[in-house]
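One file, coords-v1.txt, is given below (compact mmCIF, C-alpha atoms).
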```
# COMPACT_ATOMS: atom_id res chain seq x y z
CA MET B 960 211.51 150.49 -0.36
CA VAL B 961 214.01 147.63 -0.77
CA GLY B 962 214.12 144.26 0.98
CA ALA B 963 211.05 144.91 3.16
CA ALA B 964 211.06 142.83 6.29
CA GLY B 965 207.28 142.71 6.58
CA VAL B 966 207.35 143.57 10.29
CA ALA B 967 205.22 146.36 11.72
CA VAL B 968 206.95 148.37 14.43
CA SER B 969 206.07 151.38 16.51
CA SER B 970 209.08 153.52 17.31
CA THR B 971 209.04 156.93 18.96
CA VAL B 972 212.10 159.13 18.56
CA ALA B 973 212.83 160.99 21.79
CA LEU B 974 213.77 164.66 21.44
CA THR B 975 215.21 164.89 24.93
CA SER B 976 216.87 162.42 27.28
CA PRO B 977 214.45 159.51 27.81
CA ALA B 978 212.64 159.54 31.13
CA ILE B 979 212.20 156.39 33.19
CA GLY B 980 209.93 154.01 31.32
CA GLN B 981 210.51 155.60 27.93
CA ILE B 982 212.09 153.60 25.14
CA ALA B 983 215.61 154.74 24.35
CA PRO B 984 216.19 155.92 20.76
CA LYS B 985 217.66 153.13 18.65
CA VAL B 986 220.60 153.70 16.31
CA VAL B 987 221.75 150.80 14.15
CA ILE B 988 225.14 151.07 12.41
CA ILE B 989 226.18 148.79 9.54
CA GLY B 990 229.94 148.43 9.14
CA GLY B 991 232.65 148.41 11.80
CA GLY B 992 235.47 150.28 10.09
CA ALA B 993 236.93 153.75 10.59
CA GLY B 994 233.51 155.31 10.12
CA GLY B 995 231.14 152.85 11.76
CA ALA B 996 233.23 151.82 14.78
CA THR B 997 234.21 155.43 15.53
CA LEU B 998 230.58 156.51 15.33
CA ALA B 999 229.45 153.76 17.72
CA ARG B 1000 232.05 154.71 20.31
CA ARG B 1001 231.69 158.48 19.97
CA LEU B 1002 227.90 158.30 20.15
CA LYS B 1003 227.99 156.12 23.26
CA VAL B 1004 230.39 158.59 24.90
CA GLY B 1005 228.28 161.60 23.96
CA ALA B 1006 224.84 160.10 24.55
CA PRO B 1007 225.00 156.93 26.67
CA GLU B 1008 221.21 156.82 26.85
CA ILE B 1009 220.95 155.94 23.14
CA ASP B 1010 220.59 152.23 22.30
CA ILE B 1011 223.39 151.50 19.80
CA THR B 1012 223.77 148.33 17.74
CA LEU B 1013 226.76 147.76 15.47
CA ILE B 1014 226.32 145.19 12.68
CA GLU B 1015 229.63 143.81 11.39
CA ALA B 1016 230.07 140.44 9.68
CA ALA B 1017 233.76 140.02 10.59
CA LYS B 1018 234.73 139.22 14.16
CA THR B 1019 238.04 141.04 13.77
CA TYR B 1020 239.01 144.15 11.85
CA SER B 1021 242.06 144.04 9.56
CA SER B 1022 243.15 147.63 9.08
CA PRO B 1023 243.43 148.87 5.50
CA PHE B 1024 245.39 151.91 6.61
CA LEU B 1025 249.07 151.13 7.14
CA SER B 1026 248.52 147.70 5.57
CA GLU B 1027 251.15 148.64 3.01
CA HIS B 1028 253.62 148.41 5.92
CA PHE B 1029 252.80 144.71 6.08
CA LEU B 1030 253.37 144.28 2.34
CA GLY B 1031 256.77 145.94 2.68
CA GLY B 1032 257.74 143.84 5.70
CA PHE B 1033 257.63 146.72 8.20
CA ARG B 1034 255.02 145.25 10.54
CA SER B 1035 253.00 142.07 11.13
CA LEU B 1036 249.44 141.42 10.00
CA ASN B 1037 248.55 140.73 13.62
CA SER B 1038 249.56 144.28 14.56
CA LEU B 1039 246.93 145.54 12.11
CA THR B 1040 244.15 143.32 13.48
CA HIS B 1041 241.66 144.52 16.10
CA ARG B 1042 238.70 143.09 17.99
CA TYR B 1043 235.37 144.66 18.91
CA ASP B 1044 235.52 143.65 22.59
CA GLY B 1045 236.09 147.23 23.78
CA LEU B 1046 232.89 148.41 22.15
CA ALA B 1047 230.82 145.51 23.46
CA ALA B 1048 232.20 145.96 26.98
CA ASN B 1049 230.90 149.50 27.13
CA GLY B 1050 227.26 149.07 26.29
CA ILE B 1051 227.31 148.86 22.49
CA THR B 1052 225.54 145.80 21.13
CA VAL B 1053 227.90 144.23 18.59
CA VAL B 1054 226.26 141.73 16.24
CA HIS B 1055 228.49 139.73 13.90
CA ALA B 1056 226.08 139.19 11.03
CA ARG B 1057 225.26 140.36 7.52
CA ALA B 1058 222.50 142.85 6.89
CA THR B 1059 220.47 141.65 3.91
CA GLY B 1060 217.41 143.88 3.72
CA VAL B 1061 215.74 146.98 5.05
CA ASP B 1062 212.25 148.42 5.08
CA THR B 1063 213.07 152.12 5.18
CA HIS B 1064 209.42 153.11 5.64
CA LYS B 1065 208.82 150.97 8.70
CA ARG B 1066 212.46 151.41 9.73
CA VAL B 1067 213.25 147.74 10.17
CA LEU B 1068 216.53 146.08 9.27
CA THR B 1069 216.77 142.38 8.36
CA LEU B 1070 219.82 140.19 8.98
CA HIS B 1071 220.89 137.08 7.07
CA ASP B 1072 219.32 134.78 9.68
CA ALA B 1073 215.95 136.60 9.34
CA THR B 1074 216.45 138.52 12.61
CA THR B 1075 214.78 141.93 12.41
CA LEU B 1076 215.96 145.08 14.14
CA PRO B 1077 213.83 148.24 14.42
CA TYR B 1078 215.67 151.53 14.36
CA ASP B 1079 215.06 155.24 14.71
CA LYS B 1080 218.19 156.08 12.73
CA LEU B 1081 220.18 153.78 10.45
CA VAL B 1082 223.80 154.55 9.61
CA ILE B 1083 225.40 152.69 6.71
CA ALA B 1084 229.21 152.63 6.61
CA PRO B 1085 229.80 149.79 4.11
CA GLY B 1086 233.13 150.83 2.66
CA VAL B 1087 233.63 150.06 -1.02
CA ASP B 1088 232.69 147.28 -3.39
CA PHE B 1089 234.59 146.30 -6.53
CA ARG B 1090 233.56 146.52 -10.18
CA PHE B 1091 234.64 143.02 -11.16
CA ASP B 1092 232.18 143.33 -14.05
CA LYS B 1093 234.52 145.83 -15.71
CA ILE B 1094 237.34 143.27 -16.15
CA GLN B 1095 236.81 140.09 -18.17
CA GLY B 1096 238.01 137.02 -16.31
CA TYR B 1097 238.22 138.79 -12.94
CA THR B 1098 235.92 137.53 -10.18
CA PRO B 1099 236.05 137.36 -6.38
CA ASP B 1100 237.38 133.80 -6.72
CA VAL B 1101 240.10 134.85 -9.18
CA ALA B 1102 241.11 137.57 -6.70
CA HIS B 1103 242.66 134.83 -4.57
CA ARG B 1104 245.12 134.22 -7.41
CA ILE B 1105 245.38 137.84 -8.55
CA PRO B 1106 244.83 139.76 -5.30
CA HIS B 1107 243.69 143.35 -5.40
CA ALA B 1108 244.71 143.59 -1.70
CA TRP B 1109 242.17 146.39 -1.22
CA ARG B 1110 240.11 144.21 1.09
CA TYR B 1111 242.42 143.38 3.88
CA GLY B 1112 243.48 140.37 5.91
CA ALA B 1113 243.44 137.41 3.52
CA GLN B 1114 243.96 139.59 0.44
CA ASN B 1115 247.04 141.25 1.92
CA LEU B 1116 248.38 137.92 3.08
CA SER B 1117 247.94 136.43 -0.39
CA LEU B 1118 249.91 139.22 -2.06
CA ARG B 1119 252.63 139.17 0.59
CA ASN B 1120 253.05 135.39 0.30
CA GLN B 1121 253.28 135.58 -3.48
CA LEU B 1122 256.04 138.18 -3.17
CA LEU B 1123 257.90 135.94 -0.74
CA ASP B 1124 257.56 132.91 -3.04
CA MET B 1125 258.53 134.71 -6.25
CA LYS B 1126 261.97 133.90 -7.64
CA ASP B 1127 264.56 136.66 -7.73
CA GLY B 1128 264.45 138.16 -11.21
CA GLY B 1129 260.65 137.96 -11.39
CA THR B 1130 258.25 140.69 -12.49
CA VAL B 1131 255.54 142.17 -10.28
CA VAL B 1132 252.70 144.03 -11.98
CA MET B 1133 250.38 146.32 -10.03
CA THR B 1134 247.58 148.46 -11.46
CA VAL B 1135 245.80 151.69 -10.55
CA PRO B 1136 242.22 152.09 -11.83
CA LEU B 1137 240.70 155.24 -13.26
CA GLY B 1138 238.42 157.24 -11.02
CA VAL B 1139 237.75 157.58 -7.32
CA ILE B 1140 239.07 154.81 -5.08
CA ARG B 1141 239.47 154.28 -1.37
CA GLY B 1142 242.82 155.16 0.12
CA GLY B 1143 243.90 158.35 -1.67
CA SER B 1144 247.62 157.90 -2.32
CA ALA B 1145 247.55 154.23 -1.26
CA PRO B 1146 248.39 152.76 -4.72
CA TYR B 1147 251.63 154.75 -4.84
CA THR B 1148 252.54 154.02 -1.23
CA ARG B 1149 252.01 150.31 -1.88
CA ALA B 1150 254.16 150.43 -5.00
CA SER B 1151 256.91 152.14 -2.99
CA LEU B 1152 256.95 149.47 -0.30
CA VAL B 1153 256.73 146.55 -2.71
CA ALA B 1154 259.70 148.09 -4.53
CA HIS B 1155 261.44 148.41 -1.15
CA TYR B 1156 260.93 144.69 -0.51
CA LEU B 1157 262.30 143.81 -3.95
CA LYS B 1158 265.33 146.07 -3.53
CA TYR B 1159 266.48 144.35 -0.36
CA HIS B 1160 265.25 140.79 -0.91
CA LYS B 1161 264.88 140.20 -4.68
CA PRO B 1162 267.17 142.82 -6.26
CA LYS B 1163 267.07 141.29 -9.73
CA SER B 1164 263.30 141.73 -9.86
CA LYS B 1165 261.25 144.68 -11.06
CA LEU B 1166 257.86 146.25 -10.42
CA ILE B 1167 255.69 147.60 -13.23
CA LEU B 1168 252.97 150.02 -12.08
CA LEU B 1169 250.29 150.48 -14.75
CA ASP B 1170 248.36 153.65 -13.98
CA SER B 1171 245.08 154.50 -15.71
CA ASN B 1172 245.39 158.12 -14.60
CA ARG B 1173 247.34 160.98 -16.17
CA ASP B 1174 248.36 162.49 -12.84
CA PHE B 1175 248.06 161.96 -9.08
CA ALA B 1176 248.52 163.85 -5.83
CA GLN B 1177 252.13 164.54 -4.77
CA ARG B 1178 253.40 163.05 -8.00
CA ASP B 1179 256.62 165.08 -7.93
CA VAL B 1180 257.45 163.96 -4.38
CA PHE B 1181 256.79 160.29 -5.14
CA GLU B 1182 258.81 160.42 -8.35
CA GLU B 1183 261.72 162.05 -6.56
CA ALA B 1184 261.68 159.28 -3.95
CA TRP B 1185 261.37 156.54 -6.57
CA LYS B 1186 264.37 157.86 -8.51
CA GLN B 1187 266.44 158.11 -5.32
CA ASN B 1188 265.47 154.72 -3.92
CA TYR B 1189 264.13 152.43 -6.67
CA ASP B 1190 265.69 153.51 -9.94
CA GLY B 1191 265.79 150.44 -12.20
CA ILE B 1192 263.33 148.56 -9.97
CA LEU B 1193 260.06 150.50 -10.19
CA GLU B 1194 258.66 151.38 -13.62
CA HIS B 1195 255.66 153.71 -13.43
CA HIS B 1196 253.56 153.92 -16.59
CA LEU B 1197 251.21 156.91 -16.42
CA SER B 1198 248.51 157.25 -19.05
CA THR B 1199 248.86 159.87 -21.77
CA PHE B 1200 245.07 160.11 -21.78
CA PRO B 1201 242.59 159.03 -19.07
CA GLY B 1202 242.08 155.26 -19.04
CA GLN B 1203 244.95 154.31 -21.34
CA HIS B 1204 246.23 151.55 -19.06
CA THR B 1205 242.80 150.44 -17.83
CA VAL B 1206 242.70 146.66 -17.41
CA VAL B 1207 239.92 145.02 -19.44
CA ARG B 1208 240.89 141.33 -19.17
CA VAL B 1209 242.94 139.06 -16.93
CA ASP B 1210 243.98 135.42 -17.29
CA ALA B 1211 244.51 133.79 -13.90
CA ASN B 1212 246.26 130.77 -15.44
CA THR B 1213 248.95 132.66 -17.33
CA LEU B 1214 248.97 135.80 -15.15
CA GLU B 1215 248.49 137.96 -18.20
CA LEU B 1216 246.42 141.13 -18.41
CA GLN B 1217 245.21 143.13 -21.36
CA THR B 1218 244.60 146.88 -21.29
CA HIS B 1219 242.07 149.07 -23.06
CA GLU B 1220 244.62 149.82 -25.79
CA GLY B 1221 245.35 146.14 -26.41
CA GLU B 1222 248.74 145.95 -24.69
CA ARG B 1223 249.40 142.58 -23.03
CA VAL B 1224 251.50 142.29 -19.90
CA ARG B 1225 252.58 139.12 -18.11
CA ALA B 1226 253.80 138.83 -14.55
CA ASP B 1227 255.10 136.44 -11.93
CA VAL B 1228 253.02 138.26 -9.30
CA MET B 1229 250.05 140.39 -10.28
CA SER B 1230 247.83 142.72 -8.25
CA VAL B 1231 244.89 144.24 -10.11
CA VAL B 1232 242.80 146.89 -8.36
CA PRO B 1233 239.30 147.15 -9.90
CA GLU B 1234 237.25 150.32 -10.15
CA GLN B 1235 235.21 150.89 -7.02
CA ARG B 1236 231.76 151.92 -5.86
CA ALA B 1237 229.79 152.18 -2.63
CA GLY B 1238 229.54 148.98 -0.61
CA LEU B 1239 226.71 146.57 -1.37
CA PHE B 1240 224.28 147.47 1.39
CA ALA B 1241 224.14 151.09 0.29
CA HIS B 1242 222.67 149.76 -2.97
CA VAL B 1243 220.25 147.50 -1.09
CA ALA B 1244 218.98 150.50 0.89
CA GLY B 1245 218.44 152.56 -2.26
CA CYS B 1246 220.96 155.27 -1.31
CA VAL B 1247 223.22 155.12 -4.39
CA ASP B 1248 223.17 157.48 -7.35
CA GLY B 1249 225.71 156.21 -9.87
CA ASP B 1250 228.54 154.66 -7.87
CA TRP B 1251 228.33 156.68 -4.65
CA CYS B 1252 225.77 158.02 -2.17
CA PRO B 1253 224.71 161.67 -2.25
CA VAL B 1254 224.29 162.97 1.30
CA ASP B 1255 223.46 166.18 3.11
CA ALA B 1256 226.86 167.69 3.91
CA ALA B 1257 225.83 168.83 7.40
CA THR B 1258 224.18 165.61 8.64
CA PHE B 1259 225.26 162.86 6.22
CA GLU B 1260 221.61 161.87 5.85
CA SER B 1261 220.93 160.27 2.49
CA ARG B 1262 219.42 162.68 -0.03
CA ASP B 1263 217.19 159.83 -1.25
CA VAL B 1264 216.18 157.90 1.90
CA LYS B 1265 214.93 159.48 5.13
CA HIS B 1266 216.39 158.48 8.51
CA VAL B 1267 219.36 156.78 6.80
CA HIS B 1268 222.84 158.27 7.05
CA ILE B 1269 225.80 157.25 4.87
CA LEU B 1270 229.27 157.45 6.34
CA GLY B 1271 232.84 157.03 5.15
CA ASP B 1272 233.97 155.74 1.76
CA ALA B 1273 230.45 155.25 0.37
CA ALA B 1274 229.42 158.89 0.87
CA ASP B 1275 229.88 161.38 -1.96
CA LEU B 1276 231.40 164.49 -0.39
CA GLY B 1277 232.98 165.98 -3.48
CA ILE B 1278 236.51 167.10 -2.71
CA MET B 1279 236.97 164.99 0.43
CA PRO B 1280 239.14 161.93 -0.31
CA LYS B 1281 238.08 158.47 0.81
CA THR B 1282 240.50 157.81 3.66
CA ALA B 1283 240.34 156.50 7.22
CA SER B 1284 241.05 159.98 8.52
CA THR B 1285 238.08 161.56 6.74
CA ALA B 1286 235.77 158.70 7.77
CA ASN B 1287 236.90 159.17 11.36
CA SER B 1288 236.16 162.90 11.33
CA GLN B 1289 232.83 162.34 9.57
CA ALA B 1290 231.88 159.86 12.29
CA ALA B 1291 232.53 162.46 14.98
CA ALA B 1292 230.25 164.93 13.17
CA VAL B 1293 227.47 162.38 12.68
CA ALA B 1294 227.72 161.28 16.33
CA ASN B 1295 227.23 164.87 17.42
CA HIS B 1296 224.30 165.33 15.02
CA LEU B 1297 222.53 162.18 16.24
CA ALA B 1298 223.13 162.98 19.91
CA SER B 1299 221.68 166.43 19.31
CA SER B 1300 218.66 165.41 17.22
CA LEU B 1301 217.72 162.31 19.24
CA VAL B 1302 218.34 163.35 22.86
CA GLY B 1303 218.95 167.08 22.78
CA LYS B 1304 222.71 167.23 23.29
CA LYS B 1305 224.63 170.40 22.38
CA ARG B 1306 225.35 170.82 18.68
CA PHE B 1307 228.85 171.82 17.56
CA PRO B 1308 230.01 173.31 14.24
CA VAL B 1309 230.80 170.75 11.55
CA ARG B 1310 234.49 170.43 10.70
CA PHE B 1311 236.36 167.65 8.93
CA ARG B 1312 239.99 166.68 8.57
CA ASN B 1313 242.04 164.46 6.31
CA ALA B 1314 245.60 163.40 7.03
CA GLN B 1315 247.51 160.71 5.20
CA TRP B 1316 251.08 159.48 5.52
CA SER B 1317 252.92 157.50 2.85
CA LEU B 1318 255.96 155.46 3.84
CA ILE B 1319 258.19 155.35 0.78
CA ALA B 1320 261.43 153.94 2.21
CA THR B 1321 262.92 153.07 5.59
CA ASN B 1322 262.22 155.92 8.04
CA ASN B 1323 261.13 158.06 5.08
CA ALA B 1324 257.49 159.13 4.96
CA ILE B 1325 255.68 161.96 3.24
CA LYS B 1326 252.34 163.40 4.27
CA ALA B 1327 249.40 165.43 2.99
CA GLY B 1328 246.08 166.56 4.34
CA ALA B 1329 243.49 169.27 4.70
CA THR B 1330 240.71 170.63 6.87
CA TYR B 1331 237.20 171.14 5.54
CA VAL B 1332 234.16 173.17 6.58
CA LEU B 1333 230.63 173.69 5.31
CA GLY B 1334 230.09 176.42 2.78
CA LYS B 1335 226.68 177.02 1.16
CA GLY B 1336 225.55 173.43 1.57
CA GLU B 1337 228.74 171.77 0.42
CA VAL B 1338 232.10 170.83 1.87
CA VAL B 1339 234.90 173.26 1.07
CA GLU B 1340 238.60 173.16 1.88
CA ALA B 1341 239.71 175.53 4.66
CA SER B 1342 243.43 174.70 4.75
CA HIS B 1343 245.86 172.10 3.48
CA PHE B 1344 249.40 170.82 3.94
CA ALA B 1345 251.73 168.55 1.99
CA SER B 1346 255.32 167.36 1.97
CA GLY B 1347 257.60 168.99 -0.56
CA LEU B 1348 260.68 168.11 -2.55
CA LYS B 1349 264.15 167.73 -1.00
CA GLU B 1350 262.96 167.51 2.59
CA ALA B 1351 265.53 166.72 5.26
CA GLU B 1352 265.91 163.15 6.46
CA ALA B 1353 264.89 164.23 9.97
CA VAL B 1354 261.61 165.65 8.64
CA ARG B 1355 260.78 162.43 6.80
CA ALA B 1356 261.67 160.35 9.88
CA ARG B 1357 259.40 162.57 11.98
CA ASN B 1358 256.61 162.05 9.46
CA PHE B 1359 256.98 158.30 9.85
CA GLN B 1360 256.71 158.52 13.63
CA GLU B 1361 253.64 160.74 13.22
CA SER B 1362 252.00 158.03 11.14
CA LEU B 1363 252.56 155.46 13.87
CA ASN B 1364 251.19 157.81 16.53
CA TRP B 1365 248.16 158.56 14.35
CA TYR B 1366 247.51 154.86 13.84
CA ASP B 1367 247.52 154.24 17.59
CA ALA B 1368 245.21 157.21 18.14
CA ILE B 1369 242.64 156.34 15.49
CA THR B 1370 242.41 152.69 16.47
CA ARG B 1371 241.89 153.72 20.10
CA ASP B 1372 239.14 156.04 18.91
CA MET B 1373 237.55 153.18 16.96
CA PHE B 1374 237.89 150.35 19.46
CA GLY B 1375 239.03 151.85 22.78
CA THR B 1376 237.13 151.81 26.04
CA VAL B 1377 234.43 154.40 26.69
```

Any chance you could give the structure as structure tokens?
Amino acid sequence: MVGAAGVAVSSTVALTSPAIGQIAPKVVIIGGGAGGATLARRLKVGAPEIDITLIEAAKTYSSPFLSEHFLGGFRSLNSLTHRYDGLAANGITVVHARATGVDTHKRVLTLHDATTLPYDKLVIAPGVDFRFDKIQGYTPDVAHRIPHAWRYGAQNLSLRNQLLDMKDGGTVVMTVPLGVIRGGSAPYTRASLVAHYLKYHKPKSKLILLDSNRDFAQRDVFEEAWKQNYDGILEHHLSTFPGQHTVVRVDANTLELQTHEGERVRADVMSVVPEQRAGLFAHVAGCVDGDWCPVDAATFESRDVKHVHILGDAADLGIMPKTASTANSQAAAVANHLASSLVGKKRFPVRFRNAQWSLIATNNAIKAGATYVLGKGEVVEASHFASGLKEAEAVRARNFQESLNWYDAITRDMFGTV
């Protein structure tokens, strides 16, 4: 039990639709991103009789997916910003606050202002947190000067403004950490679009991408595109062994970093992405084993804490990447599970999907994805797809339009009217 609120509550979980006078089952969701917001909306659609509260500190949502389009100058930050009004207007209680504690035995959540909320089921969708402790000199405050741009809005704006202010002929350094991170191919998509900006606005400049990994998904397709579009601009330094280019120290005054092997690199603009782990509240609730949260693959209930479900980036689902698409499909499955277990709605087979598009040049996007099903208690891949080498321009242009259509669809699913 962590962060006990010290409040005794009596809460009865209904197994069928509540009759008149009965207390509706209470579901509290922490985190209003692709997982949490989708779950709130889907659950309200499927089981309007459930009392749903969404806890989200930010009053607006700055989308991490497609944010690389902003960095490359393809769309505005405002076009990636969304409000929670649609959820609130349709019977979901939206509370802009921070959750600070939970008594998982009494099933009571505590907010930063000491407000307590009883729940029948708690869903934690906290996204990721950053291992600043792994890099000497790197702190949340320093991240304003050396933005990781993996937490969106202000971080994206900081990196974009630094690119705009940099003199032509300057050097941009971006890093990719070792291990699992949110966003799948996002580091390589971001590098592509920063290189695109340099090519057309600061052509004497260069981008150095220091990669702690030996390989990455769709490497051959990215490298083909980089050679065709950014030869002489983008330098990608893969590691010859895992962790070779891992950043161990940064100096915010000189914009110099040092890697595990002792190499020192200076930049005019620097973006360092730290290693990642489950968002803070997953740790507060006692759901983390290592860096991520082990969950039951069918229900997403924590393997360590009863009546608590972990959704999205924080959940450890083995082969499933940490993307908005997977969080969205997980939310649909969890919504169905909760509607079934709390008020007796029909249960459907569990199925997940990932789809990710990477814009690498104007009207030129690649894609990859997969579908997943349950197999002997774990998630297994059922099918997959991916862009290949030497694709026609029309195919890549169609991929780009697909990404825009997908963005509109997923944000409607997250924030649209019920």

Checklist line | Near-region 1077-1084 of chain B list (6 Å; all atoms listed in the file; drop same-chain fewer than 3 positions) as a ChimeraX atom specification | finding: /B:985-990,995,1066-1067,1266-1271

Counting only C-alpha atoms, which residues in region 1163-1266 of chain B sit no more than 8 Å from region 1104-1127 of chain B? For each one, give the nearest pair of atoms and the distance in Å, sorted by chain then residue number, as a Markdown table.
```
| residue | atom | partner | partner_atom | distance |
| --- | --- | --- | --- | --- |
| B:Lys1163 | CA | B:Asp1127 | CA | 5.6 |
| B:Ser1164 | CA | B:Asp1127 | CA | 5.6 |
| B:Ala1211 | CA | B:Arg1104 | CA | 6.5 |
| B:Leu1214 | CA | B:Ile1105 | CA | 7.8 |
| B:Asp1227 | CA | B:Met1125 | CA | 6.9 |
| B:Val1228 | CA | B:Gln1121 | CA | 6.4 |
| B:Met1229 | CA | B:Ile1105 | CA | 5.6 |
| B:Ser1230 | CA | B:His1107 | CA | 5.1 |
| B:Val1231 | CA | B:His1107 | CA | 4.9 |
| B:Val1232 | CA | B:His1107 | CA | 4.7 |
| B:Pro1233 | CA | B:His1107 | CA | 7.3 |
```

Note to self: List as an MDAnalysis selection string the residues having at least one atom at most 9 Å from position (260.7, 156.1, 7.6) as given in the file, counting all atoms listed in the file.
What the structure shows: chainID B and resid 1318:1325 1352 1355:1360

Margin query: To one decimal place in Å, what is the distance between CA of Gly1221 (chain B) and CA of Tyr1097 (chain B)?
Written below: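 The value is 16.9 Å.
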
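Taking CA of His1204 (chain B) and CA of Lys1158 (chain B) as the two end points, the separation is 25.2 Å.
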
Note to self: With distances taken over all atoms listed in the file, which residue among B:Glu1337, B:Asp1275, B:Glu1194, B:Asp1248 lies nearest Asp1263 (chain B)?
What the structure shows: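 Counting all atoms listed in the file, the residue closest to Asp1263 (chain B) is B:Asp1248.
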
Can you save region 1140-1200 of chain B of the given block to a file, including C-alpha atoms and formatted as a short mmCIF file (atom, residue, chain, number, x, y, z; two decimals), in the first residue's frame?
```cif
data_model
loop_
_atom_site.label_atom_id
_atom_site.label_comp_id
_atom_site.auth_asym_id
_atom_site.auth_seq_id
_atom_site.Cartn_x
_atom_site.Cartn_y
_atom_site.Cartn_z
CA ILE B 1140 11.37 4.19 -25.57
CA ARG B 1141 8.02 5.68 -26.47
CA GLY B 1142 7.39 6.36 -30.12
CA GLY B 1143 8.92 3.39 -31.96
CA SER B 1144 10.62 4.89 -35.01
CA ALA B 1145 10.13 8.46 -33.76
CA PRO B 1146 13.87 9.26 -33.27
CA TYR B 1147 14.57 8.51 -36.93
CA THR B 1148 11.49 10.33 -38.18
CA ARG B 1149 12.51 13.39 -36.15
CA ALA B 1150 16.04 13.26 -37.52
CA SER B 1151 14.63 13.09 -41.05
CA LEU B 1152 12.48 16.18 -40.61
CA VAL B 1153 15.14 18.21 -38.81
CA ALA B 1154 17.45 17.36 -41.71
CA HIS B 1155 14.67 18.45 -44.08
CA TYR B 1156 14.46 21.83 -42.32
CA LEU B 1157 18.23 22.27 -42.53
CA LYS B 1158 18.33 21.33 -46.21
CA TYR B 1159 15.88 24.04 -47.23
CA HIS B 1160 16.59 26.74 -44.64
CA LYS B 1161 20.16 26.26 -43.33
CA PRO B 1162 21.90 24.26 -46.08
CA LYS B 1163 25.40 24.80 -44.72
CA SER B 1164 24.44 23.10 -41.46
CA LYS B 1165 24.58 19.44 -40.50
CA LEU B 1166 22.82 17.03 -38.17
CA ILE B 1167 24.70 14.40 -36.17
CA LEU B 1168 22.51 11.56 -34.87
CA LEU B 1169 24.25 9.61 -32.10
CA ASP B 1170 22.53 6.25 -31.74
CA SER B 1171 23.16 3.97 -28.75
CA ASN B 1172 21.66 1.03 -30.65
CA ARG B 1173 23.26 -1.30 -33.19
CA ASP B 1174 20.15 -1.54 -35.34
CA PHE B 1175 16.57 -0.26 -35.62
CA ALA B 1176 13.33 -1.07 -37.41
CA GLN B 1177 13.21 -0.23 -41.14
CA ARG B 1178 16.84 0.79 -41.07
CA ASP B 1179 17.35 0.03 -44.76
CA VAL B 1180 14.37 2.17 -45.79
CA PHE B 1181 15.45 5.12 -43.64
CA GLU B 1182 19.04 4.92 -44.87
CA GLU B 1183 17.88 4.83 -48.48
CA ALA B 1184 15.80 7.96 -47.90
CA TRP B 1185 18.61 9.73 -46.05
CA LYS B 1186 21.07 9.08 -48.87
CA GLN B 1187 18.57 10.29 -51.47
CA ASN B 1188 17.47 13.40 -49.58
CA TYR B 1189 20.06 14.38 -46.95
CA ASP B 1190 23.43 13.15 -48.11
CA GLY B 1191 26.06 15.45 -46.57
CA ILE B 1192 23.54 16.86 -44.08
CA LEU B 1193 22.58 13.94 -41.83
CA GLU B 1194 25.33 11.86 -40.22
CA HIS B 1195 23.99 8.77 -38.45
CA HIS B 1196 26.39 7.13 -36.00
CA LEU B 1197 25.15 3.66 -35.07
CA SER B 1198 26.87 1.82 -32.23
CA THR B 1199 29.16 -1.10 -33.01
CA PHE B 1200 28.10 -2.58 -29.68
#
```
